[in-house]
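Novice: Next up, work-v2.tsv (TSV, C-alpha atoms).
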chain	number	residue	atom	x	y	z
N	1	MET	CA	86.02	84.14	110.91
N	2	VAL	CA	88.22	82.85	113.73
N	3	PHE	CA	87.51	79.25	112.69
N	4	VAL	CA	88.45	80.03	109.09
N	5	ILE	CA	91.75	81.56	110.20
N	6	GLN	CA	92.48	78.58	112.47
N	7	HIS	CA	91.74	76.19	109.61
N	8	ILE	CA	94.09	78.07	107.28
N	9	ILE	CA	96.87	78.12	109.89
N	10	ARG	CA	96.57	74.39	110.61
N	11	ASN	CA	96.28	73.18	107.01
N	12	VAL	CA	98.73	75.44	105.21
N	13	ILE	CA	102.35	74.34	105.44
N	14	PHE	CA	103.79	77.84	105.28
N	15	PHE	CA	102.42	80.52	107.58
N	16	ASP	CA	102.34	83.91	105.85
N	17	LEU	CA	101.25	86.48	108.41
N	18	ASN	CA	100.94	89.27	105.82
N	19	LEU	CA	98.44	87.29	103.77
N	20	ILE	CA	96.27	86.52	106.77
N	21	ILE	CA	96.33	90.17	107.89
N	22	ILE	CA	95.28	91.30	104.40
N	23	VAL	CA	92.43	88.77	104.34
N	24	VAL	CA	91.19	89.74	107.81
N	25	VAL	CA	91.35	93.47	107.03
N	26	GLY	CA	89.61	92.88	103.69
N	27	ILE	CA	86.78	90.94	105.30
N	28	GLY	CA	86.52	93.58	108.05
N	29	VAL	CA	86.26	96.44	105.54
N	30	PHE	CA	83.69	94.51	103.51
N	31	TYR	CA	81.38	93.93	106.48
N	32	THR	CA	81.87	97.48	107.76
N	33	MET	CA	80.81	98.91	104.40
N	34	LEU	CA	77.94	96.43	104.25
N	35	PHE	CA	76.42	98.12	107.31
N	36	VAL	CA	77.60	101.72	106.85
N	37	LEU	CA	77.04	102.35	103.13
N	38	PRO	CA	73.22	101.93	103.06
N	39	GLU	CA	72.85	104.44	105.89
N	40	GLN	CA	75.05	106.95	104.09
N	41	LEU	CA	73.09	106.49	100.86
N	42	VAL	CA	69.79	107.14	102.65
N	43	ILE	CA	71.18	110.30	104.22
N	44	LEU	CA	72.48	111.49	100.84
N	45	TYR	CA	69.07	110.85	99.25
N	46	CYS	CA	67.34	112.77	102.03
N	47	LYS	CA	69.71	115.72	101.65
N	48	TYR	CA	68.77	116.02	97.98
N	49	ARG	CA	65.08	115.22	98.42
N	50	PHE	CA	64.22	117.21	101.56
N	51	GLU	CA	65.43	120.74	102.18
N	52	SER	CA	65.13	120.33	105.97
N	53	PHE	CA	68.12	117.92	105.98
N	54	ASN	CA	70.45	120.77	104.97
N	55	PHE	CA	72.04	123.63	106.89
N	56	ASP	CA	71.57	127.33	106.23
N	57	LYS	CA	74.40	129.90	105.99
N	58	ASP	CA	74.47	130.39	109.78
N	59	GLY	CA	75.02	126.67	110.42
N	60	ASN	CA	71.50	125.92	111.67
N	61	LEU	CA	69.29	123.16	110.31
N	62	LYS	CA	66.62	124.49	108.01
N	63	PRO	CA	63.13	124.04	109.47
N	64	MET	CA	60.66	121.56	108.05
N	65	GLY	CA	58.45	123.09	105.40
N	66	THR	CA	60.83	125.67	103.95
N	67	LYS	CA	57.96	127.54	102.31
N	68	ARG	CA	56.80	128.77	105.71
N	69	LYS	CA	56.36	132.54	105.76
N	70	ASP	CA	57.06	132.98	109.48
N	71	VAL	CA	60.71	131.87	109.11
N	72	ILE	CA	63.38	134.23	107.78
N	73	TYR	CA	65.89	132.50	105.49
Produce structure tokens that represent the structure in this file.
Specialist:
Amino acid sequence: MVFVIQHIIRNVIFFDLNLIIIVVVGIGVFYTMLFVLPEQLVILYCKYRFESFNFDKDGNLKPMGTKRKDVIY
């Protein structure tokens, strides 16, 4: 990304700092979401699929196997 910015600065006659900042922030947000979004989607799926990924009314994680009779819900 640094080489791309250097190339743009050297080959463009006018230097618009706002444009370069917008491009760098856009690329940064894109790559951040590329790594963060899949993890968030997996967590969301697990919260709907498995009851043990959710919290009870007291703020504690629900135990695995919510149909256990020795746990009070």
Novice: I need the residue nearest Val2 of chain N from this list: N:Val24, N:Leu17, N:Leu41, N:Met64. Use only C-alpha atoms for the distance.
Specialist: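 Distance minimum relative to Val2 of chain N lands on N:Val24.
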Novice: Box in all listed atoms of segment 41-55 of chain N, axis-aligned, with 8 Å more on each side; write out centre and edge lengths in Å to one decimal as lines of an AutoDock Vina configuration file.
Specialist:
center_x = 68.7
center_y = 115.1
center_z = 102.4
size_x = 24.9
size_y = 33.1
size_z = 24.9
Novice: Kindly give the distance, in Å, that separates atom CA of Val29 of chain N and atom CA of Phe53 of chain N, rounded to a single decimal.
Specialist: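 One can read the atom CA of Val29 of chain N to atom CA of Phe53 of chain N distance as 28.1 Å.
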Novice: Which of these residues is nearest to Lys62 of chain N, using only C-alpha atoms: N:Phe50, N:Phe35, N:Phe3, N:Tyr45?
Specialist: N:Phe50
Novice: If I take atom CA of Met1 of chain N and atom CA of Gly28 of chain N, how far is one from the other in Å, to one decimal?
Specialist: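 Pair atom CA of Met1 of chain N / atom CA of Gly28 of chain N returns 9.9 Å.
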Novice: Using atom CA of Glu51 of chain N and atom CA of Pro63 of chain N as the two end points, give the distance in Å to one decimal.
Specialist: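 A separation of 8.3 Å between them.
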Novice: Pull out segment 47-58 of chain N, keep all heavy atoms, and write it as a compact mmCIF listing (two decimals), in the first residue's frame.
Specialist:
# COMPACT_ATOMS: atom_id res chain seq x y z
N LYS N 47 -24.62 -18.28 18.46
CA LYS N 47 -25.59 -17.79 19.44
C LYS N 47 -27.00 -18.27 19.11
O LYS N 47 -27.80 -18.52 20.00
CB LYS N 47 -25.54 -16.27 19.52
CG LYS N 47 -24.31 -15.75 20.24
CD LYS N 47 -24.29 -14.27 20.33
CE LYS N 47 -25.18 -13.74 21.38
NZ LYS N 47 -24.86 -14.07 22.75
N TYR N 48 -27.32 -18.38 17.83
CA TYR N 48 -28.65 -18.88 17.45
C TYR N 48 -28.70 -20.40 17.49
O TYR N 48 -29.73 -20.98 17.82
CB TYR N 48 -29.03 -18.39 16.05
CG TYR N 48 -29.48 -16.97 16.03
CD1 TYR N 48 -28.72 -15.99 15.41
CD2 TYR N 48 -30.66 -16.57 16.64
CE1 TYR N 48 -29.12 -14.67 15.40
CE2 TYR N 48 -31.08 -15.26 16.64
CZ TYR N 48 -30.31 -14.32 16.02
OH TYR N 48 -30.71 -13.02 16.01
N ARG N 49 -27.61 -21.05 17.17
CA ARG N 49 -27.61 -22.52 17.05
C ARG N 49 -27.46 -23.22 18.40
O ARG N 49 -28.10 -24.22 18.66
CB ARG N 49 -26.48 -22.93 16.11
CG ARG N 49 -26.28 -24.41 15.93
CD ARG N 49 -27.40 -25.02 15.12
NE ARG N 49 -27.12 -26.38 14.77
CZ ARG N 49 -27.43 -27.42 15.54
NH1 ARG N 49 -28.01 -27.24 16.69
NH2 ARG N 49 -27.15 -28.64 15.15
N PHE N 50 -26.59 -22.69 19.26
CA PHE N 50 -26.27 -23.34 20.53
C PHE N 50 -26.71 -22.44 21.68
O PHE N 50 -26.33 -21.27 21.76
CB PHE N 50 -24.77 -23.61 20.64
CG PHE N 50 -24.24 -24.41 19.49
CD1 PHE N 50 -23.41 -23.82 18.54
CD2 PHE N 50 -24.57 -25.75 19.35
CE1 PHE N 50 -22.92 -24.55 17.49
CE2 PHE N 50 -24.08 -26.49 18.30
CZ PHE N 50 -23.26 -25.89 17.36
N GLU N 51 -27.46 -22.99 22.59
CA GLU N 51 -27.97 -22.23 23.72
C GLU N 51 -26.85 -21.86 24.70
O GLU N 51 -26.93 -20.85 25.39
CB GLU N 51 -29.04 -23.07 24.45
CG GLU N 51 -29.83 -22.31 25.47
CD GLU N 51 -30.71 -21.22 24.85
OE1 GLU N 51 -31.14 -21.38 23.70
OE2 GLU N 51 -30.96 -20.23 25.55
N SER N 52 -25.78 -22.63 24.73
CA SER N 52 -24.71 -22.37 25.69
C SER N 52 -23.87 -21.15 25.32
O SER N 52 -23.01 -20.75 26.11
CB SER N 52 -23.79 -23.60 25.80
OG SER N 52 -23.19 -23.87 24.55
N PHE N 53 -24.09 -20.52 24.16
CA PHE N 53 -23.39 -19.30 23.80
C PHE N 53 -24.10 -18.06 24.33
O PHE N 53 -23.63 -16.94 24.14
CB PHE N 53 -23.26 -19.18 22.27
CG PHE N 53 -22.05 -19.84 21.72
CD1 PHE N 53 -21.99 -21.22 21.59
CD2 PHE N 53 -20.94 -19.11 21.34
CE1 PHE N 53 -20.89 -21.85 21.08
CE2 PHE N 53 -19.82 -19.73 20.84
CZ PHE N 53 -19.80 -21.10 20.71
N ASN N 54 -25.23 -18.23 24.99
CA ASN N 54 -26.03 -17.11 25.47
C ASN N 54 -25.92 -16.99 26.99
O ASN N 54 -25.48 -17.89 27.69
CB ASN N 54 -27.50 -17.30 25.08
CG ASN N 54 -27.65 -17.26 23.58
OD1 ASN N 54 -27.19 -16.34 22.93
ND2 ASN N 54 -28.30 -18.28 23.03
N PHE N 55 -26.35 -15.83 27.49
CA PHE N 55 -26.32 -15.56 28.92
C PHE N 55 -27.72 -15.73 29.50
O PHE N 55 -28.72 -15.51 28.84
CB PHE N 55 -25.86 -14.12 29.17
CG PHE N 55 -24.42 -13.90 28.85
CD1 PHE N 55 -24.03 -13.47 27.59
CD2 PHE N 55 -23.44 -14.12 29.80
CE1 PHE N 55 -22.70 -13.26 27.28
CE2 PHE N 55 -22.10 -13.91 29.50
CZ PHE N 55 -21.74 -13.48 28.24
N ASP N 56 -27.77 -16.12 30.79
CA ASP N 56 -29.05 -16.19 31.47
C ASP N 56 -29.39 -14.83 32.06
O ASP N 56 -28.69 -13.85 31.86
CB ASP N 56 -29.06 -17.30 32.52
CG ASP N 56 -28.02 -17.08 33.61
OD1 ASP N 56 -27.37 -16.02 33.62
OD2 ASP N 56 -27.86 -17.99 34.44
N LYS N 57 -30.48 -14.75 32.83
CA LYS N 57 -30.94 -13.47 33.38
C LYS N 57 -29.98 -12.89 34.41
O LYS N 57 -29.96 -11.68 34.64
CB LYS N 57 -32.33 -13.63 33.99
CG LYS N 57 -33.38 -13.93 32.96
CD LYS N 57 -34.73 -14.11 33.59
CE LYS N 57 -35.75 -14.47 32.53
NZ LYS N 57 -37.08 -14.70 33.09
N ASP N 58 -29.18 -13.74 35.05
CA ASP N 58 -28.22 -13.27 36.06
C ASP N 58 -26.91 -12.81 35.45
O ASP N 58 -26.04 -12.31 36.16
CB ASP N 58 -27.94 -14.39 37.07
CG ASP N 58 -29.17 -14.77 37.85
OD1 ASP N 58 -30.02 -13.88 38.08
OD2 ASP N 58 -29.28 -15.95 38.23
